[in-house]
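Colleague: Below is the file entry_1.cif, which contains mmCIF, C-alpha atoms (C1' of nucleotides).
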```
data_final
#
loop_
_atom_site.label_atom_id
_atom_site.label_comp_id
_atom_site.auth_asym_id
_atom_site.auth_seq_id
_atom_site.Cartn_x
_atom_site.Cartn_y
_atom_site.Cartn_z
CA MET A 1 3.50 -51.31 37.60
CA LEU A 2 0.47 -51.26 39.86
CA ARG A 3 -0.10 -54.90 40.58
CA SER A 4 -2.17 -56.49 43.28
CA PHE A 5 -0.77 -58.30 46.26
CA ARG A 6 -2.50 -61.47 45.02
CA GLU A 7 -0.51 -61.33 41.81
CA LEU A 8 2.69 -60.62 43.68
CA CYS A 9 2.14 -63.67 45.90
CA ALA A 10 1.23 -65.90 42.95
CA GLN A 11 4.40 -64.76 41.23
CA HIS A 12 6.51 -65.66 44.26
CA GLY A 13 4.56 -68.79 45.10
CA ILE A 14 3.40 -67.74 48.54
CA ALA A 15 -0.06 -67.91 50.07
CA VAL A 16 -2.20 -64.79 50.47
CA THR A 17 -3.10 -64.16 54.10
CA HIS A 18 -4.56 -61.09 55.69
CA GLN A 19 -1.50 -60.59 57.94
CA ARG A 20 0.80 -60.90 54.95
CA GLN A 21 -1.13 -58.33 52.95
CA VAL A 22 -1.31 -55.77 55.74
CA LEU A 23 2.36 -56.30 56.54
CA TYR A 24 3.30 -55.76 52.90
CA GLU A 25 1.21 -52.60 52.57
CA THR A 26 2.53 -51.25 55.85
CA MET A 27 6.14 -51.83 54.90
CA GLN A 28 5.64 -50.21 51.51
CA SER A 29 4.09 -47.19 53.21
CA MET A 30 6.88 -46.70 55.75
CA CYS A 31 9.75 -44.62 54.54
CA GLY A 32 13.33 -45.44 55.39
CA HIS A 33 14.41 -48.79 56.80
CA PRO A 34 12.31 -49.55 59.86
CA SER A 35 13.21 -52.34 62.27
CA PRO A 36 10.90 -55.35 62.69
CA GLU A 37 9.70 -53.89 66.00
CA GLU A 38 8.78 -50.61 64.33
CA VAL A 39 6.90 -52.41 61.56
CA PHE A 40 5.16 -54.53 64.20
CA ALA A 41 3.98 -51.42 66.06
CA VAL A 42 2.36 -50.02 62.91
CA VAL A 43 0.83 -53.30 61.72
CA LYS A 44 -0.65 -53.81 65.18
CA GLN A 45 -2.82 -50.76 64.63
CA ARG A 46 -4.64 -52.59 61.85
CA ILE A 47 -4.38 -56.13 63.27
CA PRO A 48 -4.17 -55.83 67.07
CA SER A 49 -3.86 -59.59 67.51
CA ILE A 50 -0.82 -60.00 65.25
CA SER A 51 2.30 -61.37 66.90
CA LEU A 52 5.87 -60.24 66.50
CA ALA A 53 6.82 -63.77 65.44
CA THR A 54 4.50 -63.49 62.45
CA VAL A 55 6.11 -60.21 61.47
CA TYR A 56 9.57 -61.79 61.61
CA LYS A 57 8.49 -64.93 59.73
CA ASN A 58 6.94 -62.90 56.95
CA ILE A 59 9.73 -60.37 56.63
CA HIS A 60 12.08 -63.32 56.12
CA LEU A 61 9.66 -64.86 53.67
CA PHE A 62 9.54 -61.61 51.70
CA VAL A 63 13.33 -61.42 51.64
CA GLU A 64 13.77 -65.08 50.66
CA SER A 65 11.24 -64.85 47.87
CA GLY A 66 12.74 -61.64 46.56
CA VAL A 67 9.89 -59.25 47.35
CA PHE A 68 12.22 -57.16 49.52
CA ARG A 69 15.97 -57.23 50.12
CA GLU A 70 18.17 -56.99 53.17
CA LEU A 71 19.75 -53.62 53.77
CA SER A 72 23.19 -54.90 54.75
CA MET A 73 24.84 -58.08 53.57
CA HIS A 74 27.15 -58.08 56.57
CA HIS A 75 27.13 -60.47 59.51
CA GLY A 76 24.66 -59.88 62.30
CA THR A 77 27.37 -59.86 64.95
CA LEU A 78 29.99 -57.24 65.74
CA ARG A 79 32.86 -57.29 63.24
CA VAL A 80 35.94 -55.21 63.52
CA GLU A 81 38.25 -53.82 60.91
CA MET A 82 41.90 -54.37 61.73
CA ASN A 83 43.25 -53.36 58.32
CA ALA A 84 44.38 -49.75 58.69
CA GLN A 85 44.85 -49.21 54.95
CA PRO A 86 42.03 -47.49 53.04
CA HIS A 87 40.07 -50.28 51.42
CA HIS A 88 36.68 -51.57 50.44
CA HIS A 89 34.95 -54.95 50.61
CA MET A 90 33.94 -57.91 48.52
CA VAL A 91 31.00 -59.59 50.22
CA CYS A 92 29.78 -63.07 49.31
CA SER A 93 25.99 -63.10 49.30
CA VAL A 94 25.95 -66.84 50.04
CA CYS A 95 28.39 -67.34 52.94
CA ARG A 96 28.67 -63.63 53.84
CA LYS A 97 32.43 -63.79 53.95
CA VAL A 98 33.97 -60.33 53.65
CA GLU A 99 37.30 -59.78 51.90
CA ASP A 100 39.25 -56.58 51.64
CA LEU A 101 39.76 -54.77 48.38
CA PRO A 102 42.56 -52.19 48.43
CA ASP A 103 41.43 -48.66 47.64
CA GLU A 104 43.75 -48.48 44.63
CA GLN A 105 41.88 -51.32 42.95
CA LEU A 106 38.82 -49.12 42.71
CA ASN A 107 38.46 -45.77 41.07
CA VAL A 108 36.49 -44.25 43.95
CA GLN A 109 37.27 -40.61 43.14
CA ALA A 110 35.24 -41.04 39.96
CA LEU A 111 32.00 -41.54 41.91
CA GLN A 112 31.30 -37.82 42.34
CA PRO A 113 28.20 -38.25 44.49
CA VAL A 114 25.41 -35.69 44.29
CA LEU A 115 24.42 -35.24 47.92
CA PRO A 116 21.83 -33.17 49.76
CA SER A 117 23.39 -30.13 51.38
CA GLY A 118 24.10 -30.47 55.08
CA PHE A 119 25.57 -33.95 54.88
CA VAL A 120 29.28 -33.88 55.69
CA VAL A 121 31.11 -36.77 54.04
CA GLU A 122 33.72 -38.66 56.05
CA ARG A 123 34.46 -41.42 53.60
CA VAL A 124 32.99 -43.56 50.86
CA SER A 125 32.79 -47.31 51.35
CA VAL A 126 32.18 -49.65 48.43
CA ASP A 127 30.81 -53.20 48.76
CA VAL A 128 31.21 -55.39 45.71
CA ILE A 129 28.52 -58.00 46.31
CA GLY A 130 28.55 -61.35 44.56
CA VAL A 131 29.40 -65.02 44.95
CA CYS A 132 32.89 -66.06 46.01
CA ALA A 133 34.84 -68.79 44.25
CA ASP A 134 34.26 -71.27 47.10
CA CYS A 135 30.49 -70.87 47.07
CA LYS A 136 30.43 -70.91 43.29
CA SER A 137 32.17 -74.29 43.10
CA ARG A 138 30.30 -75.80 46.04
CA PRO A 139 27.36 -77.80 44.58
CA ASN A 140 24.62 -76.70 47.01
CA MET B 1 55.54 -48.26 61.56
CA LEU B 2 56.50 -50.90 64.07
CA ARG B 3 55.44 -49.41 67.35
CA SER B 4 54.94 -51.05 70.71
CA PHE B 5 51.61 -51.65 72.32
CA ARG B 6 52.69 -49.39 75.20
CA GLU B 7 53.16 -46.50 72.80
CA LEU B 8 49.84 -47.22 71.13
CA CYS B 9 48.06 -47.15 74.50
CA ALA B 10 49.83 -43.96 75.57
CA GLN B 11 48.80 -42.37 72.31
CA HIS B 12 45.15 -43.32 72.84
CA GLY B 13 45.19 -42.66 76.57
CA ILE B 14 44.34 -46.17 77.71
CA ALA B 15 45.98 -48.34 80.37
CA VAL B 16 48.25 -51.23 79.45
CA THR B 17 46.96 -54.52 80.80
CA HIS B 18 48.04 -58.03 79.94
CA GLN B 19 44.57 -58.94 78.63
CA ARG B 20 44.52 -55.84 76.47
CA GLN B 21 47.91 -56.57 74.97
CA VAL B 22 47.17 -60.21 74.17
CA LEU B 23 43.80 -59.25 72.74
CA TYR B 24 45.40 -56.64 70.51
CA GLU B 25 48.11 -58.99 69.28
CA THR B 26 45.59 -61.75 68.67
CA MET B 27 43.27 -59.51 66.69
CA GLN B 28 46.14 -58.20 64.59
CA SER B 29 47.20 -61.77 63.86
CA MET B 30 43.76 -62.98 62.78
CA CYS B 31 42.96 -62.42 59.16
CA GLY B 32 39.54 -61.35 58.00
CA HIS B 33 36.89 -60.00 60.35
CA PRO B 34 36.42 -62.47 63.20
CA SER B 35 33.49 -62.23 65.59
CA PRO B 36 34.07 -61.47 69.30
CA GLU B 37 33.45 -65.15 70.08
CA GLU B 38 36.11 -66.22 67.59
CA VAL B 39 38.60 -63.75 69.03
CA PHE B 40 37.72 -64.95 72.53
CA ALA B 41 38.44 -68.57 71.58
CA VAL B 42 41.92 -67.66 70.37
CA VAL B 43 42.79 -65.32 73.24
CA LYS B 44 41.69 -68.01 75.71
CA GLN B 45 44.56 -70.18 74.50
CA ARG B 46 47.01 -67.66 75.92
CA ILE B 47 44.92 -66.46 78.87
CA PRO B 48 42.60 -69.33 79.88
CA SER B 49 41.00 -67.26 82.64
CA ILE B 50 39.94 -64.36 80.39
CA SER B 51 36.22 -63.71 80.20
CA LEU B 52 34.12 -62.94 77.16
CA ALA B 53 32.97 -59.73 78.84
CA THR B 54 36.55 -58.49 78.91
CA VAL B 55 36.90 -59.23 75.22
CA TYR B 56 33.76 -57.22 74.45
CA LYS B 57 34.75 -54.34 76.72
CA ASN B 58 38.15 -54.05 75.12
CA ILE B 59 37.00 -54.43 71.53
CA HIS B 60 34.67 -51.51 72.19
CA LEU B 61 37.45 -49.59 73.83
CA PHE B 62 39.68 -50.16 70.80
CA VAL B 63 36.92 -48.99 68.47
CA GLU B 64 36.08 -45.93 70.59
CA SER B 65 39.69 -44.87 70.86
CA GLY B 66 40.28 -45.36 67.17
CA VAL B 67 42.69 -48.32 67.31
CA PHE B 68 40.26 -50.39 65.21
CA ARG B 69 37.09 -49.53 63.31
CA GLU B 70 33.70 -51.18 62.95
CA LEU B 71 33.17 -53.13 59.78
CA SER B 72 29.63 -52.03 59.10
CA MET B 73 28.01 -48.75 60.09
CA HIS B 74 24.54 -50.24 59.82
CA HIS B 75 22.06 -50.92 62.60
CA GLY B 76 22.47 -54.06 64.65
CA THR B 77 18.91 -55.16 63.95
CA LEU B 78 17.36 -56.53 60.77
CA ARG B 79 16.64 -53.79 58.23
CA VAL B 80 14.85 -54.30 54.99
CA GLU B 81 15.07 -52.50 51.71
CA MET B 82 11.67 -51.67 50.26
CA ASN B 83 12.95 -49.34 47.54
CA ALA B 84 13.05 -51.42 44.36
CA GLN B 85 15.00 -48.83 42.39
CA PRO B 86 18.77 -49.31 42.10
CA HIS B 87 20.27 -47.05 44.72
CA HIS B 88 22.97 -46.60 47.31
CA HIS B 89 23.11 -45.25 50.85
CA MET B 90 24.14 -42.27 52.89
CA VAL B 91 24.85 -43.44 56.43
CA CYS B 92 25.18 -41.07 59.37
CA SER B 93 28.03 -42.23 61.58
CA VAL B 94 26.44 -40.56 64.61
CA CYS B 95 22.79 -41.63 64.58
CA ARG B 96 23.24 -44.44 62.03
CA LYS B 97 20.29 -43.24 59.99
CA VAL B 98 20.40 -44.59 56.43
CA GLU B 99 19.07 -42.61 53.49
CA ASP B 100 18.77 -43.71 49.92
CA LEU B 101 20.83 -42.21 47.14
CA PRO B 102 19.51 -42.92 43.62
CA ASP B 103 21.95 -44.80 41.42
CA GLU B 104 21.95 -41.95 38.88
CA GLN B 105 23.45 -39.61 41.45
CA LEU B 106 26.59 -41.70 41.53
CA ASN B 107 28.87 -42.62 38.68
CA VAL B 108 29.17 -46.26 39.74
CA GLN B 109 30.20 -47.61 36.33
CA ALA B 110 33.41 -45.61 36.68
CA LEU B 111 34.59 -47.75 39.61
CA GLN B 112 36.05 -50.51 37.41
CA PRO B 113 36.99 -52.82 40.28
CA VAL B 114 40.01 -55.08 39.92
CA LEU B 115 38.81 -58.35 41.43
CA PRO B 116 40.33 -61.78 42.03
CA SER B 117 39.17 -64.26 39.43
CA GLY B 118 36.40 -66.56 40.57
CA PHE B 119 34.31 -63.87 42.24
CA VAL B 120 31.07 -63.35 40.33
CA VAL B 121 29.74 -59.83 40.84
CA GLU B 122 26.03 -59.37 41.43
CA ARG B 123 26.01 -55.67 42.18
CA VAL B 124 28.03 -52.84 43.66
CA SER B 125 26.72 -51.04 46.71
CA VAL B 126 28.12 -47.68 47.77
CA ASP B 127 27.84 -46.25 51.30
CA VAL B 128 28.60 -42.56 51.62
CA ILE B 129 29.45 -42.29 55.30
CA GLY B 130 29.38 -38.97 57.16
CA VAL B 131 27.36 -36.83 59.50
CA CYS B 132 23.78 -35.88 58.63
CA ALA B 133 22.46 -32.33 58.90
CA ASP B 134 20.48 -33.15 62.06
CA CYS B 135 23.46 -34.54 63.93
CA LYS B 136 25.68 -31.74 62.67
CA SER B 137 23.40 -29.05 64.09
CA ARG B 138 22.63 -30.90 67.31
CA PRO B 139 25.02 -29.55 69.99
CA ASN B 140 26.01 -32.86 71.60
"C1'" DC C 1 46.69 -45.10 97.22
"C1'" DT C 2 42.95 -44.30 93.78
"C1'" DG C 3 40.72 -45.25 90.02
"C1'" DA C 4 40.60 -48.34 86.17
"C1'" DT C 5 40.15 -53.21 84.87
"C1'" DT C 6 38.99 -57.93 85.48
"C1'" DG C 7 35.99 -62.20 85.87
"C1'" DC C 8 31.75 -63.78 87.15
"C1'" DA C 9 26.93 -64.35 86.89
"C1'" DA C 10 22.78 -62.50 86.01
"C1'" DA C 11 20.11 -59.57 82.96
"C1'" DC C 12 18.95 -57.97 78.46
"C1'" DG C 13 17.06 -57.37 73.73
"C1'" DG C 14 16.38 -58.97 69.37
"C1'" DT C 15 15.27 -63.14 67.08
"C1'" DT C 16 13.83 -67.98 66.55
"C1'" DT C 17 11.37 -72.12 67.59
"C1'" DG C 18 7.76 -75.71 68.87
"C1'" DC C 19 3.30 -76.37 68.99
"C1'" DA C 20 -1.91 -76.48 68.85
"C1'" DG C 21 -5.51 -74.43 66.45
"C1'" DG C 22 -7.19 -71.90 62.23
"C1'" DC C 23 -7.04 -70.56 57.47
"C1'" DT C 24 -5.78 -70.99 52.31
"C1'" DT C 25 -5.90 -73.62 48.42
"C1'" DA D 1 -8.69 -82.70 53.15
"C1'" DA D 2 -3.67 -81.46 53.37
"C1'" DG D 3 -0.64 -78.40 54.42
"C1'" DC D 4 0.60 -73.79 55.27
"C1'" DC D 5 0.07 -69.94 58.53
"C1'" DT D 6 -0.87 -67.80 62.98
"C1'" DG D 7 -0.25 -66.56 67.90
"C1'" DC D 8 1.68 -67.81 72.04
"C1'" DA D 9 5.26 -68.80 75.18
"C1'" DA D 10 9.53 -70.54 75.90
"C1'" DA D 11 14.10 -70.91 74.23
"C1'" DC D 12 18.13 -68.85 72.17
"C1'" DC D 13 22.24 -66.25 71.37
"C1'" DG D 14 25.02 -62.33 71.18
"C1'" DT D 15 25.87 -58.61 74.12
"C1'" DT D 16 25.76 -55.74 78.33
"C1'" DT D 17 25.70 -54.81 83.18
"C1'" DG D 18 26.57 -54.78 88.33
"C1'" DC D 19 29.66 -56.06 91.47
"C1'" DA D 20 33.58 -57.43 94.45
"C1'" DA D 21 38.36 -58.49 93.96
"C1'" DT D 22 42.64 -57.18 91.61
"C1'" DC D 23 45.80 -54.38 89.01
"C1'" DA D 24 48.11 -50.14 86.79
"C1'" DG D 25 49.80 -45.64 87.31
#
```
Can you give me the file's structure in the form of structure tokens?

Modeller:
Amino acid sequence: MLRSFRELCAQHGIAVTHQRQVLYETMQSMCGHPSPEEVFAVVKQRIPSISLATVYKNIHLFVESGVFRELSMHHGTLRVEMNAQPHHHMVCSVCRKVEDLPDEQLNVQALQPVLPSGFVVERVSVDVIGVCADCKSRPN
Amino acid sequence: MLRSFRELCAQHGIAVTHQRQVLYETMQSMCGHPSPEEVFAVVKQRIPSISLATVYKNIHLFVESGVFRELSMHHGTLRVEMNAQPHHHMVCSVCRKVEDLPDEQLNVQALQPVLPSGFVVERVSVDVIGVCADCKSRPN
DNA sequence: CTGATTGCAAACGGTTTGCAGGCTT
DNA sequence: AAGCCTGCAAACCGTTTGCAATCAG
């Protein structure tokens, strides 16, 4: 379970640099889902000369090599829901296309979430993440 | 079911303008979840003089007044998942804070989604959307 | 008539890129 | 030694804002 950063890098085929190691440790130590700017501010305390570009490059490297994951598979730009029916989404992890999935096709009531008290639920949204038929058949 | 745009505006307390009406009709007619730029390109065919700023202003107005909804409740900036355990999310619709919800606290296997053939599922991600305790207690 | 809405252009904020020098392997 | 990685500054792109002219109620 407790493995060194060197091993982790070897496993993912990426070089071990000081910036990379401090960034990794910092991200692991931060709770929640901080933004790149927030991570940058903390890393800067240990490496004052680090640049924001390096933080971005390495966060992407970590995500691409599978060390971390992206929080949301959705598009980066504003997307609006015009479908007024209750429904959920199928998201393609390759092309990021989002398709609707009618609520009846999912047994959402069965979820029965155990939540901390104080959180007032408005609705439950399910994303079925995978690879769409188009991306599956496309060679690349 | 079939109600006029005038009625819809009256109901939401917003003024009826030509741009607004064409934008609404265009968005309703586009399938999927087009970006503001994509909507703009289509609306421009009917109103060549319309500006992108107007499209943005009105999409926001539609979302604020409840005519449409936002596709994803997540932050606009890049957020990374450092928690390697299988889990889901509780998202506050007010402050957009995201908290983790361990997979065991949700009966996800019970969902049994009915999917179109050709879609290969990687995982199912559940967002429990609501208002967190902090935002609930905060007066504003 | 009054306030809301529009189109424009400039500003903005988060993110990416090109590049010269430095570090890892 | 070869190539990857860093820091910098400029570019980028989606989005927002300020403003004067125009429109809806």

Colleague: Using only C-alpha atoms (C1' of nucleotides) for the distances, tell me which of A:Leu101, A:Leu106, A:Ala53, A:Leu23 is nearest to chain D.

Modeller: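 Going through A:Leu101, A:Leu106, A:Ala53, A:Leu23 one by one, the smallest distance to chain D is for A:Ala53.
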
Colleague: Residues of chain B that have any atom at most 10 Å from an atom of chain D: could you tabulate them with the shortest-distance atom pair and the distance in Å to one decimal, using only C-alpha atoms (C1' of nucleotides), ordered by chain and increasing number, as a Markdown table?

Modeller:
```
| residue | atom | partner | partner_atom | distance |
| --- | --- | --- | --- | --- |
| B:Ala15 | CA | D:DA24 | C1' | 7.0 |
| B:Val16 | CA | D:DA24 | C1' | 7.4 |
| B:Thr17 | CA | D:DA24 | C1' | 7.5 |
| B:Pro36 | CA | D:DG14 | C1' | 9.3 |
| B:Glu37 | CA | D:DG14 | C1' | 9.0 |
| B:Leu52 | CA | D:DT15 | C1' | 9.8 |
| B:Ala53 | CA | D:DT16 | C1' | 8.3 |
| B:Tyr56 | CA | D:DT15 | C1' | 8.0 |
| B:Lys57 | CA | D:DT16 | C1' | 9.2 |
```

Colleague: Using all atoms listed in the file, pick whichever of A:Arg79, A:Glu99, A:Gln19, A:Cys31 has the shortest atom-to-atom distance to Pro116 of chain B.

Modeller: A:Glu99

Colleague: Could you superpose chain A on chain B by least squares over every Cα, matched in sequence order, and send it back as an mmCIF file with C-alpha atoms, in the coordinates of the input?

Modeller:
```cif
data_model
loop_
_atom_site.group_PDB
_atom_site.id
_atom_site.type_symbol
_atom_site.label_atom_id
_atom_site.label_comp_id
_atom_site.auth_asym_id
_atom_site.auth_seq_id
_atom_site.Cartn_x
_atom_site.Cartn_y
_atom_site.Cartn_z
ATOM 1 C CA MET A 1 55.501 -47.974 61.697
ATOM 2 C CA LEU A 2 56.481 -50.632 64.200
ATOM 3 C CA ARG A 3 55.366 -49.159 67.468
ATOM 4 C CA SER A 4 54.861 -50.847 70.784
ATOM 5 C CA PHE A 5 51.515 -51.497 72.364
ATOM 6 C CA ARG A 6 52.558 -49.241 75.262
ATOM 7 C CA GLU A 7 52.972 -46.334 72.882
ATOM 8 C CA LEU A 8 49.696 -47.105 71.175
ATOM 9 C CA CYS A 9 47.876 -47.078 74.525
ATOM 10 C CA ALA A 10 49.588 -43.870 75.655
ATOM 11 C CA GLN A 11 48.556 -42.277 72.383
ATOM 12 C CA HIS A 12 44.928 -43.282 72.900
ATOM 13 C CA GLY A 13 44.939 -42.645 76.629
ATOM 14 C CA ILE A 14 44.134 -46.168 77.733
ATOM 15 C CA ALA A 15 45.795 -48.296 80.389
ATOM 16 C CA VAL A 16 48.136 -51.147 79.460
ATOM 17 C CA THR A 17 46.895 -54.475 80.792
ATOM 18 C CA HIS A 18 48.017 -57.950 79.927
ATOM 19 C CA GLN A 19 44.560 -58.919 78.589
ATOM 20 C CA ARG A 20 44.474 -55.804 76.441
ATOM 21 C CA GLN A 21 47.884 -56.498 74.950
ATOM 22 C CA VAL A 22 47.187 -60.137 74.148
ATOM 23 C CA LEU A 23 43.797 -59.229 72.708
ATOM 24 C CA TYR A 24 45.374 -56.583 70.486
ATOM 25 C CA GLU A 25 48.115 -58.907 69.241
ATOM 26 C CA THR A 26 45.631 -61.698 68.641
ATOM 27 C CA MET A 27 43.288 -59.497 66.656
ATOM 28 C CA GLN A 28 46.137 -58.144 64.554
ATOM 29 C CA SER A 29 47.247 -61.699 63.817
ATOM 30 C CA MET A 30 43.822 -62.961 62.744
ATOM 31 C CA CYS A 31 43.010 -62.402 59.131
ATOM 32 C CA GLY A 32 39.568 -61.385 57.975
ATOM 33 C CA HIS A 33 36.900 -60.063 60.322
ATOM 34 C CA PRO A 34 36.465 -62.523 63.170
ATOM 35 C CA SER A 35 33.524 -62.327 65.560
ATOM 36 C CA PRO A 36 34.087 -61.570 69.259
ATOM 37 C CA GLU A 37 33.515 -65.256 70.038
ATOM 38 C CA GLU A 38 36.192 -66.295 67.559
ATOM 39 C CA VAL A 39 38.662 -63.787 68.993
ATOM 40 C CA PHE A 40 37.780 -65.008 72.489
ATOM 41 C CA ALA A 41 38.546 -68.616 71.529
ATOM 42 C CA VAL A 42 42.030 -67.666 70.318
ATOM 43 C CA VAL A 43 42.860 -65.316 73.200
ATOM 44 C CA LYS A 44 41.803 -68.021 75.647
ATOM 45 C CA GLN A 45 44.698 -70.143 74.452
ATOM 46 C CA ARG A 46 47.119 -67.591 75.870
ATOM 47 C CA ILE A 47 45.004 -66.424 78.833
ATOM 48 C CA PRO A 48 42.727 -69.323 79.830
ATOM 49 C CA SER A 49 41.076 -67.290 82.581
ATOM 50 C CA ILE A 50 39.978 -64.413 80.338
ATOM 51 C CA SER A 51 36.247 -63.800 80.134
ATOM 52 C CA LEU A 52 34.143 -63.041 77.105
ATOM 53 C CA ALA A 53 32.955 -59.841 78.789
ATOM 54 C CA THR A 54 36.526 -58.561 78.865
ATOM 55 C CA VAL A 55 36.899 -59.295 75.172
ATOM 56 C CA TYR A 56 33.726 -57.341 74.396
ATOM 57 C CA LYS A 57 34.662 -54.425 76.672
ATOM 58 C CA ASN A 58 38.073 -54.102 75.087
ATOM 59 C CA ILE A 59 36.942 -54.491 71.501
ATOM 60 C CA HIS A 60 34.559 -51.594 72.146
ATOM 61 C CA LEU A 61 37.330 -49.650 73.812
ATOM 62 C CA PHE A 62 39.571 -50.194 70.789
ATOM 63 C CA VAL A 63 36.813 -49.049 68.446
ATOM 64 C CA GLU A 64 35.921 -45.994 70.549
ATOM 65 C CA SER A 65 39.519 -44.898 70.852
ATOM 66 C CA GLY A 66 40.145 -45.383 67.158
ATOM 67 C CA VAL A 67 42.568 -48.309 67.313
ATOM 68 C CA PHE A 68 40.198 -50.407 65.194
ATOM 69 C CA ARG A 69 37.006 -49.603 63.299
ATOM 70 C CA GLU A 70 33.650 -51.277 62.930
ATOM 71 C CA LEU A 71 33.154 -53.232 59.745
ATOM 72 C CA SER A 72 29.600 -52.080 59.055
ATOM 73 C CA MET A 73 28.063 -48.778 60.036
ATOM 74 C CA HIS A 74 24.579 -50.237 59.764
ATOM 75 C CA HIS A 75 22.145 -50.965 62.575
ATOM 76 C CA GLY A 76 22.562 -54.155 64.544
ATOM 77 C CA THR A 77 18.988 -55.241 63.903
ATOM 78 C CA LEU A 78 17.367 -56.552 60.740
ATOM 79 C CA ARG A 79 16.647 -53.770 58.244
ATOM 80 C CA VAL A 80 14.809 -54.236 55.035
ATOM 81 C CA GLU A 81 15.020 -52.416 51.760
ATOM 82 C CA MET A 82 11.627 -51.517 50.354
ATOM 83 C CA ASN A 83 12.907 -49.191 47.630
ATOM 84 C CA ALA A 84 12.957 -51.266 44.446
ATOM 85 C CA GLN A 85 14.947 -48.698 42.460
ATOM 86 C CA PRO A 86 18.711 -49.234 42.140
ATOM 87 C CA HIS A 87 20.266 -47.001 44.757
ATOM 88 C CA HIS A 88 22.988 -46.595 47.315
ATOM 89 C CA HIS A 89 23.146 -45.246 50.865
ATOM 90 C CA MET A 90 24.208 -42.262 52.894
ATOM 91 C CA VAL A 91 24.911 -43.442 56.425
ATOM 92 C CA CYS A 92 25.283 -41.079 59.375
ATOM 93 C CA SER A 93 28.131 -42.268 61.575
ATOM 94 C CA VAL A 94 26.575 -40.579 64.618
ATOM 95 C CA CYS A 95 22.898 -41.623 64.605
ATOM 96 C CA ARG A 96 23.310 -44.419 62.023
ATOM 97 C CA LYS A 97 20.367 -43.198 60.015
ATOM 98 C CA VAL A 98 20.453 -44.561 56.470
ATOM 99 C CA GLU A 99 19.136 -42.541 53.531
ATOM 100 C CA ASP A 100 18.809 -43.645 49.955
ATOM 101 C CA LEU A 101 20.881 -42.178 47.178
ATOM 102 C CA PRO A 102 19.543 -42.865 43.680
ATOM 103 C CA ASP A 103 21.943 -44.766 41.447
ATOM 104 C CA GLU A 104 22.005 -41.924 38.918
ATOM 105 C CA GLN A 105 23.512 -39.588 41.498
ATOM 106 C CA LEU A 106 26.633 -41.713 41.552
ATOM 107 C CA ASN A 107 28.893 -42.636 38.709
ATOM 108 C CA VAL A 108 29.169 -46.290 39.736
ATOM 109 C CA GLN A 109 30.178 -47.630 36.315
ATOM 110 C CA ALA A 110 33.423 -45.692 36.681
ATOM 111 C CA LEU A 111 34.571 -47.860 39.601
ATOM 112 C CA GLN A 112 35.997 -50.631 37.411
ATOM 113 C CA PRO A 113 36.945 -52.943 40.270
ATOM 114 C CA VAL A 114 39.952 -55.227 39.916
ATOM 115 C CA LEU A 115 38.723 -58.475 41.433
ATOM 116 C CA PRO A 116 40.241 -61.896 42.044
ATOM 117 C CA SER A 117 39.064 -64.407 39.474
ATOM 118 C CA GLY A 118 36.272 -66.687 40.619
ATOM 119 C CA PHE A 119 34.207 -63.982 42.271
ATOM 120 C CA VAL A 120 30.966 -63.428 40.369
ATOM 121 C CA VAL A 121 29.657 -59.898 40.867
ATOM 122 C CA GLU A 122 25.940 -59.401 41.468
ATOM 123 C CA ARG A 123 25.956 -55.712 42.216
ATOM 124 C CA VAL A 124 27.995 -52.891 43.676
ATOM 125 C CA SER A 125 26.701 -51.065 46.731
ATOM 126 C CA VAL A 126 28.136 -47.716 47.780
ATOM 127 C CA ASP A 127 27.878 -46.267 51.304
ATOM 128 C CA VAL A 128 28.675 -42.589 51.616
ATOM 129 C CA ILE A 129 29.543 -42.325 55.301
ATOM 130 C CA GLY A 130 29.504 -39.023 57.140
ATOM 131 C CA VAL A 131 27.504 -36.835 59.496
ATOM 132 C CA CYS A 132 23.940 -35.869 58.628
ATOM 133 C CA ALA A 133 22.654 -32.316 58.900
ATOM 134 C CA ASP A 134 20.665 -33.103 62.069
ATOM 135 C CA CYS A 135 23.643 -34.529 63.933
ATOM 136 C CA LYS A 136 25.875 -31.754 62.665
ATOM 137 C CA SER A 137 23.632 -29.029 64.091
ATOM 138 C CA ARG A 138 22.862 -30.877 67.317
ATOM 139 C CA PRO A 139 25.305 -29.550 69.971
ATOM 140 C CA ASN A 140 26.292 -32.869 71.593
#
```

Colleague: Could you work out how far atom CA of Ser51 of chain A lies from atom CA of Pro34 of chain A, giving the answer in Å with one decimal?

Modeller: 17.0 Å

Colleague: Go through the shown structure with the PyMOL selection byres ((chain A and resi 109) around 10) and write out the matching residues as a PyMOL selection string.

Modeller: (chain A and resi 106-108+110-113+124) or (chain B and resi 107+110-111)

Colleague: Taking all atoms of segment 11-22 of chain C that the file lists and extending 6 Å past them on each side, where is the centre of the axis-aligned box and how long are its edges? Answer in Å to one decimal, as JSON.

Modeller:
```
{"center_x": 6.5, "center_y": -66.9, "center_z": 72.6, "size_x": 39.3, "size_y": 31.1, "size_z": 32.7}
```

Colleague: Need the shell around His12 of chain B: protein/DNA/RNA residues with any atom at most 10 Å away, counting only C-alpha atoms (C1' of nucleotides). Skip same-chain ones fewer than 6 positions apart. Format as a PyMOL selection string?

Modeller: chain B and resi 6+61-62+64-67

Colleague: Can you give me, as a ChimeraX atom specification, the residues this file yields under the PyMOL selection byres ((chain C) within 8 of (chain B))?

Modeller: /C:4,6-7,14

Colleague: What is the atom CA of Ala10 of chain A-atom C1' of DT25 of chain C distance in Å, reported with one decimal?

Modeller: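 Separation between atom CA of Ala10 of chain A and atom C1' of DT25 of chain C: 11.8 Å.
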
Colleague: For atom C1' of DA10 of chain C and atom CA of Glu38 of chain A, determine how far apart the two atoms are, in Å to one decimal place.

Modeller: 28.4 Å
